[in-house]
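Below is one structure, written out as structure tokens; comments come after it.
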2 protein chains.
Amino acid sequence: MKERSIDSLISRLRIRVKEQNLKNTSQRELIMAAMYKHKGHFTPEEILAFAQKEEGGKNIGIATVYRALNFFEKEGFVVSISFGADGKKYELNIKEHHDHMICTECGKIIEFESDEIEKLQEAEAAKKDFVIKDHAMQIYGICKDCQKTNKGKN
Amino acid sequence: MKERSIDSLISRLRIRVKEQNLKNTSQRELIMAAMYKHKGHFTPEEILAFAQKEEGGKNIGIATVYRALNFFEKEGFVVSISFGADGKKYELNIKEHHDHMICTECGKIIEFESDEIEKLQEAEAAKKDFVIKDHAMQIYGICKDCQKTNKGKN
DNA sequence: CTTGATGCAAAATATTTGCATGCTC
DNA sequence: GAGCATGCAAATATTTTGCATCAAG
């Protein structure tokens with residue numbers, strides 16, 4: 001499971017910004033750095049809180065987080081995942097593979113990877129002349145722990 | 001690609017309702033029937049509009065749609081998918097497989113299925129002692145049409 | 001200096017909830 | 001009849017936007 005370093009992420013960010021004749025800002029980089037530190041799936045509000053704890057991030061506003069996340073998502077730095085009542089959550093896209101099992105009882109997210117599935121995805125995409133930029137897979141079900149506690153259901 | 005009939009869906013709904021000592025209502029059934037007719041991915045507002053066009057659905061409220069969708073999702077009748085700025089969309093879960101390719105340029109959703117991926121998902125879940133109830137897979141990228149129109153990008 | 005980005009607050013959306021009343025069972 | 005579900009409106013929550021100002025290039 002190869003991961004990118006924060007440095008390579010930031011430099012990729014700067015490249016993408018430059019390519020589009022936009023301006024680089026410390027806020028956007030702080031938001032990315034904050035997401036890098038707190039690996040996982042978070043709401044924009046949570047990401048804001050993390051970013052504000054970063055050096056120099058005291059007064060970042062929520063609007064900036066939304067703007068940054070939308071940009072990151074468009075550029076493929078971030079993926080969003082939504083499940084049930086939990087709303088939309090964002091995660092830095094730093095892993096080679098990107099798949100989740102989500103427990104519908106407790107909301108726990110288990111990550112996994114499969115090269116075989118990856119290859120089959122590429123094969124399916126090729127059939128439809130579709131160029132893959134990113135992918136996400138969610139398996140919904142009952143995790144090990146909840147199977148124990150939740151016998152009589154269904 | 002086997003699909004359930006609307007009748008089997010409604011009867012499954014009634015069973016789930018009864019099991020939980022809830023009460024069956026025409027609204028919930030109308031919402032399900034409306035989703036069945038308009039196969040695809042829709043926002044709660046869109047689903048409301050469809051349901052209101054159903055016989056006897058004139059004055060269904062948006063709150064009822066949200067309540068129904070939350071119930072349907074909890075019970076596995078419906079899956080939600082969220083991508084980029086498009087917000088959360090719901091789809092009746094009537095197909096055996098449930099996978100999507102989403103074009104990040106035009107938002108088009110291409111459906112596909114793969115038994116092999118299905119089997120691998122089961123294998124992965126087994127490794128983690130996870131009981132699959134449902135699954136969803138999204139491949140993000142550029143569709144055939146947008147590849148033509150959009151040469152110079154990236 | 002030009003123009004994109006930010007922070008703030010307001011606006012627009014989306015989603016949930018309280019409550020009186022209607023319907024199932 | 002008892003109690004869940006509904007519709008409506010109000011309350012929240014979420015996300016976007018306008019605008020004055022800041023700051024990158």
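We name chains A, B, ... following the order of the structure tokens; residues begin at 1 in each chain, and ligands are numbered from 1 as shown.
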
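All of the residues in chain C within 10 Å of chain B are DA14, DT15, DT16, DT17, DC23, DT24 and DC25 of chain C, where only C-alpha atoms (C1' of nucleotides) were counted.
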
Kindly determine which residues of chain D lie within 9 Å of chain B, considering only C-alpha atoms (C1' of nucleotides), and give the answer as a ChimeraX atom specification.
/D:4-8

Residue hits in chain B, query chain A, radius 6 Å, only C-alpha atoms, as a ChimeraX atom specification
/B:117,129-144

Could you work out how far atom CA of Val78 of chain B lies from atom CA of Lys37 of chain B, giving the answer in Å with one decimal?
14.0 Å

I'd like the interatomic distance between atom CA of Ala34 of chain B and atom CA of Ile6 of chain B, to a tenth of an Å.
10.0 Å

Expected answer as a PDB file with N, CA, C and O atoms, in the first residue's frame: strand (DSSP E) residues in segment 20-151 of chain B:
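Below is the file that was written, states33.pdb:
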ATOM      1  N   VAL B  78     -32.814   0.816  -1.054  1.00  0.00           N
ATOM      2  CA  VAL B  78     -32.329   1.954  -1.800  1.00  0.00           C
ATOM      3  C   VAL B  78     -30.856   2.156  -1.495  1.00  0.00           C
ATOM      4  O   VAL B  78     -30.405   1.832  -0.410  1.00  0.00           O
ATOM      5  N   VAL B  79     -30.104   2.616  -2.478  1.00  0.00           N
ATOM      6  CA  VAL B  79     -28.733   2.981  -2.200  1.00  0.00           C
ATOM      7  C   VAL B  79     -28.532   4.436  -2.569  1.00  0.00           C
ATOM      8  O   VAL B  79     -29.193   4.951  -3.466  1.00  0.00           O
ATOM      9  N   SER B  80     -27.656   5.089  -1.854  1.00  0.00           N
ATOM     10  CA  SER B  80     -27.397   6.484  -2.176  1.00  0.00           C
ATOM     11  C   SER B  80     -25.986   6.610  -2.700  1.00  0.00           C
ATOM     12  O   SER B  80     -25.090   5.861  -2.335  1.00  0.00           O
ATOM     13  N   ILE B  81     -25.821   7.559  -3.583  1.00  0.00           N
ATOM     14  CA  ILE B  81     -24.516   7.754  -4.185  1.00  0.00           C
ATOM     15  C   ILE B  81     -24.300   9.253  -4.256  1.00  0.00           C
ATOM     16  O   ILE B  81     -25.203  10.003  -4.608  1.00  0.00           O
ATOM     17  N   SER B  82     -23.119   9.673  -3.881  1.00  0.00           N
ATOM     18  CA  SER B  82     -22.881  11.108  -3.939  1.00  0.00           C
ATOM     19  C   SER B  82     -21.625  11.360  -4.733  1.00  0.00           C
ATOM     20  O   SER B  82     -20.637  10.648  -4.609  1.00  0.00           O
ATOM     21  N   LYS B  88     -26.413  14.270  -2.892  1.00  0.00           N
ATOM     22  CA  LYS B  88     -26.740  12.878  -2.667  1.00  0.00           C
ATOM     23  C   LYS B  88     -27.929  12.458  -3.523  1.00  0.00           C
ATOM     24  O   LYS B  88     -28.952  13.117  -3.547  1.00  0.00           O
ATOM     25  N   LYS B  89     -27.778  11.347  -4.196  1.00  0.00           N
ATOM     26  CA  LYS B  89     -28.856  10.831  -5.016  1.00  0.00           C
ATOM     27  C   LYS B  89     -29.188   9.407  -4.594  1.00  0.00           C
ATOM     28  O   LYS B  89     -28.325   8.670  -4.152  1.00  0.00           O
ATOM     29  N   TYR B  90     -30.453   9.083  -4.766  1.00  0.00           N
ATOM     30  CA  TYR B  90     -30.918   7.764  -4.360  1.00  0.00           C
ATOM     31  C   TYR B  90     -31.366   6.949  -5.560  1.00  0.00           C
ATOM     32  O   TYR B  90     -31.887   7.484  -6.529  1.00  0.00           O
ATOM     33  N   GLU B  91     -31.204   5.662  -5.447  1.00  0.00           N
ATOM     34  CA  GLU B  91     -31.619   4.765  -6.510  1.00  0.00           C
ATOM     35  C   GLU B  91     -32.188   3.501  -5.904  1.00  0.00           C
ATOM     36  O   GLU B  91     -31.658   2.984  -4.925  1.00  0.00           O
ATOM     37  N   LEU B  92     -33.262   3.013  -6.498  1.00  0.00           N
ATOM     38  CA  LEU B  92     -33.826   1.743  -6.043  1.00  0.00           C
ATOM     39  C   LEU B  92     -32.820   0.638  -6.303  1.00  0.00           C
ATOM     40  O   LEU B  92     -32.203   0.586  -7.358  1.00  0.00           O
ATOM     41  N   ASP B  99     -23.041  -1.354 -10.002  1.00  0.00           N
ATOM     42  CA  ASP B  99     -21.796  -0.625 -10.156  1.00  0.00           C
ATOM     43  C   ASP B  99     -21.931   0.500 -11.175  1.00  0.00           C
ATOM     44  O   ASP B  99     -22.739   0.415 -12.089  1.00  0.00           O
ATOM     45  N   HIS B 100     -21.159   1.542 -10.961  1.00  0.00           N
ATOM     46  CA  HIS B 100     -21.302   2.743 -11.787  1.00  0.00           C
ATOM     47  C   HIS B 100     -19.969   3.290 -12.267  1.00  0.00           C
ATOM     48  O   HIS B 100     -18.996   3.287 -11.523  1.00  0.00           O
ATOM     49  N   MET B 101     -19.977   3.775 -13.495  1.00  0.00           N
ATOM     50  CA  MET B 101     -18.876   4.615 -13.956  1.00  0.00           C
ATOM     51  C   MET B 101     -19.431   6.025 -14.065  1.00  0.00           C
ATOM     52  O   MET B 101     -20.484   6.221 -14.679  1.00  0.00           O
ATOM     53  N   ILE B 102     -18.763   6.962 -13.465  1.00  0.00           N
ATOM     54  CA  ILE B 102     -19.276   8.322 -13.416  1.00  0.00           C
ATOM     55  C   ILE B 102     -18.323   9.244 -14.143  1.00  0.00           C
ATOM     56  O   ILE B 102     -17.143   9.338 -13.787  1.00  0.00           O
ATOM     57  N   CYS B 103     -18.826   9.931 -15.135  1.00  0.00           N
ATOM     58  CA  CYS B 103     -17.970  10.851 -15.879  1.00  0.00           C
ATOM     59  C   CYS B 103     -17.837  12.158 -15.117  1.00  0.00           C
ATOM     60  O   CYS B 103     -18.832  12.805 -14.796  1.00  0.00           O
ATOM     61  N   ILE B 109     -23.796   8.806 -15.872  1.00  0.00           N
ATOM     62  CA  ILE B 109     -23.576   7.590 -15.105  1.00  0.00           C
ATOM     63  C   ILE B 109     -23.791   6.378 -15.991  1.00  0.00           C
ATOM     64  O   ILE B 109     -24.854   6.193 -16.558  1.00  0.00           O
ATOM     65  N   ILE B 110     -22.748   5.592 -16.117  1.00  0.00           N
ATOM     66  CA  ILE B 110     -22.815   4.376 -16.928  1.00  0.00           C
ATOM     67  C   ILE B 110     -22.864   3.187 -15.977  1.00  0.00           C
ATOM     68  O   ILE B 110     -22.024   3.075 -15.088  1.00  0.00           O
ATOM     69  N   GLU B 111     -23.833   2.319 -16.151  1.00  0.00           N
ATOM     70  CA  GLU B 111     -23.911   1.177 -15.258  1.00  0.00           C
ATOM     71  C   GLU B 111     -23.212  -0.021 -15.879  1.00  0.00           C
ATOM     72  O   GLU B 111     -23.177  -0.166 -17.097  1.00  0.00           O
ATOM     73  N   PHE B 112     -22.659  -0.835 -15.032  1.00  0.00           N
ATOM     74  CA  PHE B 112     -22.065  -2.065 -15.546  1.00  0.00           C
ATOM     75  C   PHE B 112     -22.117  -3.116 -14.455  1.00  0.00           C
ATOM     76  O   PHE B 112     -22.458  -2.834 -13.312  1.00  0.00           O
ATOM     77  N   VAL B 131     -20.162  -9.395   6.934  1.00  0.00           N
ATOM     78  CA  VAL B 131     -21.318  -9.953   6.236  1.00  0.00           C
ATOM     79  C   VAL B 131     -21.874  -8.919   5.258  1.00  0.00           C
ATOM     80  O   VAL B 131     -22.363  -7.869   5.662  1.00  0.00           O
ATOM     81  N   ILE B 132     -21.800  -9.217   3.972  1.00  0.00           N
ATOM     82  CA  ILE B 132     -22.236  -8.253   2.961  1.00  0.00           C
ATOM     83  C   ILE B 132     -23.753  -8.170   2.893  1.00  0.00           C
ATOM     84  O   ILE B 132     -24.445  -9.179   2.819  1.00  0.00           O
ATOM     85  N   LYS B 133     -24.248  -6.938   2.929  1.00  0.00           N
ATOM     86  CA  LYS B 133     -25.682  -6.710   2.722  1.00  0.00           C
ATOM     87  C   LYS B 133     -25.891  -6.078   1.342  1.00  0.00           C
ATOM     88  O   LYS B 133     -26.904  -6.280   0.699  1.00  0.00           O
ATOM     89  N   ASP B 134     -24.954  -5.283   0.972  1.00  0.00           N
ATOM     90  CA  ASP B 134     -25.087  -4.551  -0.280  1.00  0.00           C
ATOM     91  C   ASP B 134     -23.712  -4.007  -0.628  1.00  0.00           C
ATOM     92  O   ASP B 134     -22.800  -4.013   0.196  1.00  0.00           O
ATOM     93  N   HIS B 135     -23.577  -3.542  -1.858  1.00  0.00           N
ATOM     94  CA  HIS B 135     -22.308  -2.944  -2.193  1.00  0.00           C
ATOM     95  C   HIS B 135     -22.501  -1.958  -3.322  1.00  0.00           C
ATOM     96  O   HIS B 135     -23.511  -1.967  -4.014  1.00  0.00           O
ATOM     97  N   ALA B 136     -21.540  -1.118  -3.485  1.00  0.00           N
ATOM     98  CA  ALA B 136     -21.608  -0.118  -4.537  1.00  0.00           C
ATOM     99  C   ALA B 136     -20.192   0.159  -4.988  1.00  0.00           C
ATOM    100  O   ALA B 136     -19.257   0.138  -4.195  1.00  0.00           O
ATOM    101  N   MET B 137     -20.052   0.375  -6.256  1.00  0.00           N
ATOM    102  CA  MET B 137     -18.724   0.685  -6.750  1.00  0.00           C
ATOM    103  C   MET B 137     -18.838   1.819  -7.736  1.00  0.00           C
ATOM    104  O   MET B 137     -19.730   1.826  -8.573  1.00  0.00           O
ATOM    105  N   GLN B 138     -17.966   2.775  -7.622  1.00  0.00           N
ATOM    106  CA  GLN B 138     -17.966   3.864  -8.570  1.00  0.00           C
ATOM    107  C   GLN B 138     -16.583   4.003  -9.188  1.00  0.00           C
ATOM    108  O   GLN B 138     -15.582   4.008  -8.484  1.00  0.00           O
ATOM    109  N   ILE B 139     -16.563   4.089 -10.495  1.00  0.00           N
ATOM    110  CA  ILE B 139     -15.319   4.381 -11.190  1.00  0.00           C
ATOM    111  C   ILE B 139     -15.459   5.776 -11.763  1.00  0.00           C
ATOM    112  O   ILE B 139     -16.391   6.047 -12.520  1.00  0.00           O
ATOM    113  N   TYR B 140     -14.562   6.654 -11.371  1.00  0.00           N
ATOM    114  CA  TYR B 140     -14.623   8.022 -11.848  1.00  0.00           C
ATOM    115  C   TYR B 140     -13.654   8.199 -13.007  1.00  0.00           C
ATOM    116  O   TYR B 140     -12.547   7.675 -12.976  1.00  0.00           O
ATOM    117  N   GLY B 141     -14.074   8.943 -14.001  1.00  0.00           N
ATOM    118  CA  GLY B 141     -13.173   9.166 -15.120  1.00  0.00           C
ATOM    119  C   GLY B 141     -13.857   9.939 -16.223  1.00  0.00           C
ATOM    120  O   GLY B 141     -14.791  10.684 -15.973  1.00  0.00           O
ATOM    121  N   ILE B 142     -13.372   9.744 -17.423  1.00  0.00           N
ATOM    122  CA  ILE B 142     -13.881  10.505 -18.556  1.00  0.00           C
ATOM    123  C   ILE B 142     -14.556   9.545 -19.526  1.00  0.00           C
ATOM    124  O   ILE B 142     -13.937   8.577 -19.970  1.00  0.00           O
TER     125      ILE B 142
END

Residues within 12 Å of DA12 of chain C, only C-alpha atoms (C1' of nucleotides), excluding chain neighbours under 4 positions, as a ChimeraX atom specification
/D:14-17

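Taking atom CA of Tyr36 of chain A and atom CA of Arg14 of chain A as the two end points, the separation is 15.9 Å.
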